[in-house]
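Accompanying notes for the structure given below.
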Protein chains: 2
Amino acid sequence: MVVRRDLKPQGRGSASPALRPSGAITDAMSSRPPRGGQNPTMDQVAEAAGVSRATVSRVINGAPSVDAKIREMVERAIADTGYVPNVAARTLVTRRTNSVALVISEPERPNDTSFLNRVFTDPYFGRITAGATTALRPYDIHLVIIPTDSGDHHHVIRYLRQGHVDGVLLISSHEQDPLPRQVHDLGIPAVVSARPAQPIAASFVDVDQRLGARLAAEHLLARGCRRLATISGPLDIPAGMDRLEGFRAAVKGRHVPSIEGDFTRAGGEECARRLLADHPDVDGLFVASDLMSEGALRAVQDLGHRVPEDVAVIGFDDSSAALECRPLLTTIRQPVEEMAAEMAEMLLAQIAAPGRLPRSVTFQPTLVIRDSA
Amino acid sequence: MVVRRDLKPQGRGSASPALRPSGAITDAMSSRPPRGGQNPTMDQVAEAAGVSRATVSRVINGAPSVDAKIREMVERAIADTGYVPNVAARTLVTRRTNSVALVISEPERPNDTSFLNRVFTDPYFGRITAGATTALRPYDIHLVIIPTDSGDHHHVIRYLRQGHVDGVLLISSHEQDPLPRQVHDLGIPAVVSARPAQPIAASFVDVDQRLGARLAAEHLLARGCRRLATISGPLDIPAGMDRLEGFRAAVKGRHVPSIEGDFTRAGGEECARRLLADHPDVDGLFVASDLMSEGALRAVQDLGHRVPEDVAVIGFDDSSAALECRPLLTTIRQPVEEMAAEMAEMLLAQIAAPGRLPRSVTFQPTLVIRDSA
DNA sequence: CTGAAAGCGCTTACAG
DNA sequence: CTGAAAGCGCTTACAG
């Protein structure tokens, strides 16, 4: 069976050359192990089929011009020999690896003993990975996940320059992060996860942060809260700052005590404790991430307040953490999986058409009402 | 500057050919972007240095036989041109990719709407990834993380057969998982995360599960608990079964009610609720993972029991989740990061010496006393 | 529609 | 110690 791989997974239109399949036969050559321990070469397949190597290459790549009978013979030979194309040889000529990198760039923070553990445990990155993987699967493109902190940016750059991947999805939130610009200067196709702090001509995907914060504010006000407060994200991250400003803007004139958190559970707990110590009469709390909300809920209730009766709490993300909260967390949903999928699609388009102009896509957040507010 | 890469990161001994550096100059050719947009080729470097391509290749690969002056000229030319070797071309001849796959194989479970999200959110996998990444970094070997459920095993096999990686670290816990055998049959270097259910000649790393369970039992007994119970892991996973049996064996003769959990927070909560409904007088609870313990603690306390006064609770893992529990979780530590690092080292050794006999390494768990028991 | 040939960018015996 | 040459396993104009 021959499976064509075009730009659109199920597409019929002819794809641009750059995105043409580089391996159209998938199932036939999948799991059957090679004969003599060694993988057979394309020449051996050609010999077995009684054709030239070029013809074998054509049927593998789904070239339309191959005679049906010959195609059949070749396919049988491929199945018989258990042939699988050598990816290095193919990459050498096509300049395509069928891999893209997911670079997760986080600053080193004080007390951050386990950068990797944090990254691989934060639901946000899990959702990004899930969304990108799912979007890429139909194209048979693999994701190489590369977590990096400021200490090893040059490793990442070298990896990219060596041609391991066709493009990069760059998750970078920190304002001062030099990586987006460095990647951009490489000239390799790239899509960034949010508007880059420094203006570089790169495509990115974002959620309307300020709108999300406004939805949170309006919900708290609508349920009668009058003494609002907020635990923000890190203020050197645009998402942190935007959510804070958006919240402030939406409560028009009301004074809103705030405290700067760090997007972790422990941070949320600590911040809530300090916030309530200074402002014990708060009745509505906007916490800029679900993970922080989980900690904040714990602190609020430990201090003897009922949620939502005494203090209503609303989070941001709608990650799996929202369902681990007690009470279940009312929160602002950002569609992270879909955003990551969009990044992947944009990257593919850019790989196919390198001259493509950069563009940005903004998603709308939505209010998800549960029990905490 | 020339950096040698041998088997031991800081090693002086000569490594086997298979593990010789395939790119010794690292810093010099790292971040500087190429001149004319296009990456320069090795021939261009050779011309710039006034030597042959072979000589350039030798200095890049740290061949000892190069004249010091010539080496210096070549290094300057490399720096001037911003040269970075093409990884596909190199792989084509050396048959080494300097990448290994981390395959995380989990069965599809009922109600498992988000396999990927779960994998990327479970601290266990986070620790595995962190440990393997850290161990591999000194060798400049990259990790390609490939989550897979039973539905796409053939994708994984094909990926491996295409030669994307030099070897695979296979995380597979499910007893019926056919992947370990399939990977083994490929003949590619591989190390498995636990004793394979079907005996295959593969190296693996494990923790002494039964000993861990015994430490838990002894601690509960020592603090005076007499009515013990346990929430086990899935019993089709050897780790789940071993911890249950180990616990039972250690309490000699006592009746121990048990209930089968699923290694998730929600599952732990649900199990604890049901267990206490049937056995309200339990005073010591062994929960076979920290994640389940987090849920179980919630349920136990919701039902009005004090921890540890009324019910002592002890977990298993010592993951980051243990510190998110209230009270802080007493637990059995398995050194997952170190285990993953050991897997990586074993894999490297096997890649260097393909004939190497398979072996297994077993780590000892330890009791970590905090507040819950 | 098919094949012979060139070429992708490296490494590595083999001479010298 | 260095260079010329072969070769890794593919794809792709170019002829026919």
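Labels for the structure tokens follow display order: chains A, B, ..., residues from 1 in each chain, ligands from 1.
Interface residues on chain B toward chain C (cut-off 10 Å, only C-alpha atoms (C1' of nucleotides)): Ser22, Thr41, Met42, Asp43, Arg53, Ala54, Ser57, Arg58, Asn61, Pro85, Asn86, Val87, Ala88, Ala89, Arg90, Thr91, Leu92, Val93 and Thr94 of chain B.
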Mind writing the picked residues with N, CA and C atoms as a PDB file, in the first residue's frame?
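Final file, selection29.pdb:
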```pdb
ATOM      1  N   SER B  22      32.782  12.389  17.288  1.00  0.00           N
ATOM      2  CA  SER B  22      32.545  12.663  15.877  1.00  0.00           C
ATOM      3  C   SER B  22      32.469  14.164  15.670  1.00  0.00           C
ATOM      4  N   THR B  41      31.006  24.695   3.508  1.00  0.00           N
ATOM      5  CA  THR B  41      31.312  23.284   3.441  1.00  0.00           C
ATOM      6  C   THR B  41      32.742  23.039   3.904  1.00  0.00           C
ATOM      7  N   MET B  42      33.029  21.792   4.150  1.00  0.00           N
ATOM      8  CA  MET B  42      34.360  21.461   4.621  1.00  0.00           C
ATOM      9  C   MET B  42      35.426  21.811   3.582  1.00  0.00           C
ATOM     10  N   ASP B  43      35.067  21.700   2.310  1.00  0.00           N
ATOM     11  CA  ASP B  43      36.013  22.068   1.257  1.00  0.00           C
ATOM     12  C   ASP B  43      36.376  23.546   1.327  1.00  0.00           C
ATOM     13  N   ARG B  53      40.827  18.604   2.451  1.00  0.00           N
ATOM     14  CA  ARG B  53      39.621  18.320   3.203  1.00  0.00           C
ATOM     15  C   ARG B  53      39.890  17.277   4.285  1.00  0.00           C
ATOM     16  N   ALA B  54      40.711  16.297   3.948  1.00  0.00           N
ATOM     17  CA  ALA B  54      41.003  15.234   4.917  1.00  0.00           C
ATOM     18  C   ALA B  54      41.622  15.808   6.186  1.00  0.00           C
ATOM     19  N   SER B  57      39.053  17.444   8.300  1.00  0.00           N
ATOM     20  CA  SER B  57      38.291  16.411   8.986  1.00  0.00           C
ATOM     21  C   SER B  57      39.066  15.892  10.193  1.00  0.00           C
ATOM     22  N   ARG B  58      40.356  15.703  10.019  1.00  0.00           N
ATOM     23  CA  ARG B  58      41.146  15.161  11.134  1.00  0.00           C
ATOM     24  C   ARG B  58      41.178  16.111  12.313  1.00  0.00           C
ATOM     25  N   ASN B  61      37.928  16.028  14.124  1.00  0.00           N
ATOM     26  CA  ASN B  61      37.682  14.817  14.886  1.00  0.00           C
ATOM     27  C   ASN B  61      38.764  14.518  15.914  1.00  0.00           C
ATOM     28  N   PRO B  85      29.952  21.090  10.982  1.00  0.00           N
ATOM     29  CA  PRO B  85      29.840  19.888  10.140  1.00  0.00           C
ATOM     30  C   PRO B  85      28.383  19.533   9.855  1.00  0.00           C
ATOM     31  N   ASN B  86      28.144  19.036   8.694  1.00  0.00           N
ATOM     32  CA  ASN B  86      26.817  18.547   8.329  1.00  0.00           C
ATOM     33  C   ASN B  86      26.610  17.168   8.925  1.00  0.00           C
ATOM     34  N   VAL B  87      25.595  17.072   9.759  1.00  0.00           N
ATOM     35  CA  VAL B  87      25.427  15.864  10.548  1.00  0.00           C
ATOM     36  C   VAL B  87      24.961  14.680   9.693  1.00  0.00           C
ATOM     37  N   ALA B  88      24.214  14.959   8.642  1.00  0.00           N
ATOM     38  CA  ALA B  88      23.733  13.859   7.796  1.00  0.00           C
ATOM     39  C   ALA B  88      24.901  13.205   7.061  1.00  0.00           C
ATOM     40  N   ALA B  89      25.769  14.029   6.518  1.00  0.00           N
ATOM     41  CA  ALA B  89      26.919  13.498   5.784  1.00  0.00           C
ATOM     42  C   ALA B  89      27.797  12.665   6.708  1.00  0.00           C
ATOM     43  N   ARG B  90      28.005  13.189   7.887  1.00  0.00           N
ATOM     44  CA  ARG B  90      28.836  12.482   8.849  1.00  0.00           C
ATOM     45  C   ARG B  90      28.208  11.145   9.246  1.00  0.00           C
ATOM     46  N   THR B  91      26.916  11.193   9.515  1.00  0.00           N
ATOM     47  CA  THR B  91      26.219   9.982   9.931  1.00  0.00           C
ATOM     48  C   THR B  91      26.264   8.917   8.825  1.00  0.00           C
ATOM     49  N   LEU B  92      26.180   9.390   7.600  1.00  0.00           N
ATOM     50  CA  LEU B  92      26.164   8.446   6.481  1.00  0.00           C
ATOM     51  C   LEU B  92      27.404   7.568   6.491  1.00  0.00           C
ATOM     52  N   VAL B  93      28.523   8.139   6.842  1.00  0.00           N
ATOM     53  CA  VAL B  93      29.725   7.309   6.841  1.00  0.00           C
ATOM     54  C   VAL B  93      30.039   6.685   8.202  1.00  0.00           C
ATOM     55  N   THR B  94      29.842   7.421   9.260  1.00  0.00           N
ATOM     56  CA  THR B  94      30.206   6.853  10.573  1.00  0.00           C
ATOM     57  C   THR B  94      29.156   5.897  11.115  1.00  0.00           C
TER      58      THR B  94
END
```
Could I get the residues of chain A with an atom no further than 7 Å from an atom of chain B, each paired with its nearest atom pair and that distance in Å to one decimal, using only C-alpha atoms, sorted by chain and residue number, as a Markdown table?
```
| residue | atom | partner | partner_atom | distance |
| --- | --- | --- | --- | --- |
| A:Ser30 | CA | B:Arg158 | CA | 4.9 |
| A:Ser31 | CA | B:His154 | CA | 5.7 |
| A:Pro33 | CA | B:Leu186 | CA | 6.2 |
| A:Val84 | CA | B:Gln162 | CA | 6.0 |
| A:Pro85 | CA | B:Gln162 | CA | 6.1 |
| A:Asn86 | CA | B:Gln162 | CA | 5.4 |
| A:Val87 | CA | B:Gln162 | CA | 5.6 |
| A:Ala88 | CA | B:Ala88 | CA | 4.8 |
| A:Ala89 | CA | B:Leu92 | CA | 5.9 |
| A:Thr91 | CA | B:Ala88 | CA | 6.1 |
| A:Leu92 | CA | B:Ala88 | CA | 5.4 |
| A:Leu116 | CA | B:Ala130 | CA | 5.3 |
| A:Asn117 | CA | B:Gly126 | CA | 5.4 |
| A:Phe120 | CA | B:Gly126 | CA | 4.6 |
| A:Thr121 | CA | B:Thr121 | CA | 4.8 |
| A:Asp122 | CA | B:Thr121 | CA | 6.3 |
| A:Pro123 | CA | B:Thr121 | CA | 5.5 |
| A:Gly126 | CA | B:Phe120 | CA | 4.6 |
| A:Arg127 | CA | B:Asn117 | CA | 5.8 |
| A:Ala130 | CA | B:Leu116 | CA | 5.3 |
| A:Val144 | CA | B:Val144 | CA | 5.1 |
| A:Ile145 | CA | B:Ile145 | CA | 6.5 |
| A:His154 | CA | B:Ser31 | CA | 5.8 |
| A:Ile157 | CA | B:Ser31 | CA | 5.8 |
| A:Arg158 | CA | B:Ser30 | CA | 4.9 |
| A:Arg161 | CA | B:Val84 | CA | 6.7 |
| A:Gln162 | CA | B:Asn86 | CA | 5.4 |
| A:Gly163 | CA | B:Val87 | CA | 6.2 |
| A:His164 | CA | B:Val87 | CA | 6.7 |
| A:Leu186 | CA | B:Pro33 | CA | 6.3 |
```
Strand (DSSP E or B) positions in region 284-366 of chain B, given as a list in words: Gly284, Leu285, Phe286, Val287, Ala312, Val313, Ile314, Gly315, Phe316, Asp317, Thr330, Thr331, Ile332, Arg333, Ser360, Val361, Thr362, Phe363 and Thr366 of chain B
Those of region 95-297 of chain B in DSSP helix (DSSP H, G or I), formatted as a PyMOL selection string: chain B and resi 115-119+123-139+150-161+179-186+209-222+238-250+265-278+290-297
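Using only C-alpha atoms for every distance, the candidate list A:Thr362, A:Thr230, A:Gln44, A:Ser173 yields A:Ser173 as the residue closest to Val103 (chain A).
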Long-range neighbours of Phe247 (chain A) as a ChimeraX atom specification, 8 Å cut-off, only C-alpha atoms (C1' of nucleotides), 5 positions minimum in chain: /A:210,213-214,216-217
Test item: residues at most 12 Å from Ala239 (chain B), only C-alpha atoms (C1' of nucleotides), excluding those fewer than 2 positions along its chain, as a ChimeraX atom specification: /B:172-175,193-197,206-213,232-237,241-246,262-263,288-289,316-317,334
Got a sec: who's within 8 Å of Val287 (chain B), counting only C-alpha atoms (C1' of nucleotides), leaving out chain neighbours fewer than 5 positions off, as a PDB file with N, CA and C atoms, in the first residue's frame?
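Final file, around.pdb:
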```pdb
ATOM      1  N   THR B 230      -3.305  -1.297  52.079  1.00  0.00           N
ATOM      2  CA  THR B 230      -2.462  -0.760  51.006  1.00  0.00           C
ATOM      3  C   THR B 230      -3.274  -0.447  49.759  1.00  0.00           C
ATOM      4  N   ILE B 231      -2.868   0.625  49.106  1.00  0.00           N
ATOM      5  CA  ILE B 231      -3.382   0.931  47.766  1.00  0.00           C
ATOM      6  C   ILE B 231      -2.264   0.563  46.809  1.00  0.00           C
ATOM      7  N   SER B 232      -2.480  -0.448  46.017  1.00  0.00           N
ATOM      8  CA  SER B 232      -1.404  -0.948  45.156  1.00  0.00           C
ATOM      9  C   SER B 232      -1.404  -0.201  43.834  1.00  0.00           C
ATOM     10  N   GLY B 268      -5.833   7.569  43.442  1.00  0.00           N
ATOM     11  CA  GLY B 268      -5.483   7.395  44.847  1.00  0.00           C
ATOM     12  C   GLY B 268      -6.583   7.894  45.762  1.00  0.00           C
ATOM     13  N   MET B 292      -0.462   8.865  43.906  1.00  0.00           N
ATOM     14  CA  MET B 292      -1.661   8.297  44.530  1.00  0.00           C
ATOM     15  C   MET B 292      -1.755   8.737  45.985  1.00  0.00           C
ATOM     16  N   SER B 293      -0.624   8.863  46.650  1.00  0.00           N
ATOM     17  CA  SER B 293      -0.637   9.275  48.047  1.00  0.00           C
ATOM     18  C   SER B 293      -1.247  10.662  48.203  1.00  0.00           C
ATOM     19  N   ALA B 296      -4.815  10.199  48.107  1.00  0.00           N
ATOM     20  CA  ALA B 296      -5.254   9.424  49.269  1.00  0.00           C
ATOM     21  C   ALA B 296      -5.264  10.292  50.524  1.00  0.00           C
ATOM     22  N   VAL B 313       0.265   7.468  56.765  1.00  0.00           N
ATOM     23  CA  VAL B 313       0.296   7.197  55.318  1.00  0.00           C
ATOM     24  C   VAL B 313       1.739   7.256  54.826  1.00  0.00           C
ATOM     25  N   ILE B 314       2.131   6.228  54.076  1.00  0.00           N
ATOM     26  CA  ILE B 314       3.471   6.223  53.509  1.00  0.00           C
ATOM     27  C   ILE B 314       3.385   5.951  52.019  1.00  0.00           C
ATOM     28  N   GLY B 315       4.150   6.707  51.249  1.00  0.00           N
ATOM     29  CA  GLY B 315       4.082   6.611  49.791  1.00  0.00           C
ATOM     30  C   GLY B 315       5.241   5.829  49.199  1.00  0.00           C
ATOM     31  N   PHE B 316       5.437   6.012  47.903  1.00  0.00           N
ATOM     32  CA  PHE B 316       6.531   5.336  47.215  1.00  0.00           C
ATOM     33  C   PHE B 316       6.966   6.206  46.051  1.00  0.00           C
TER      34      PHE B 316
END
```
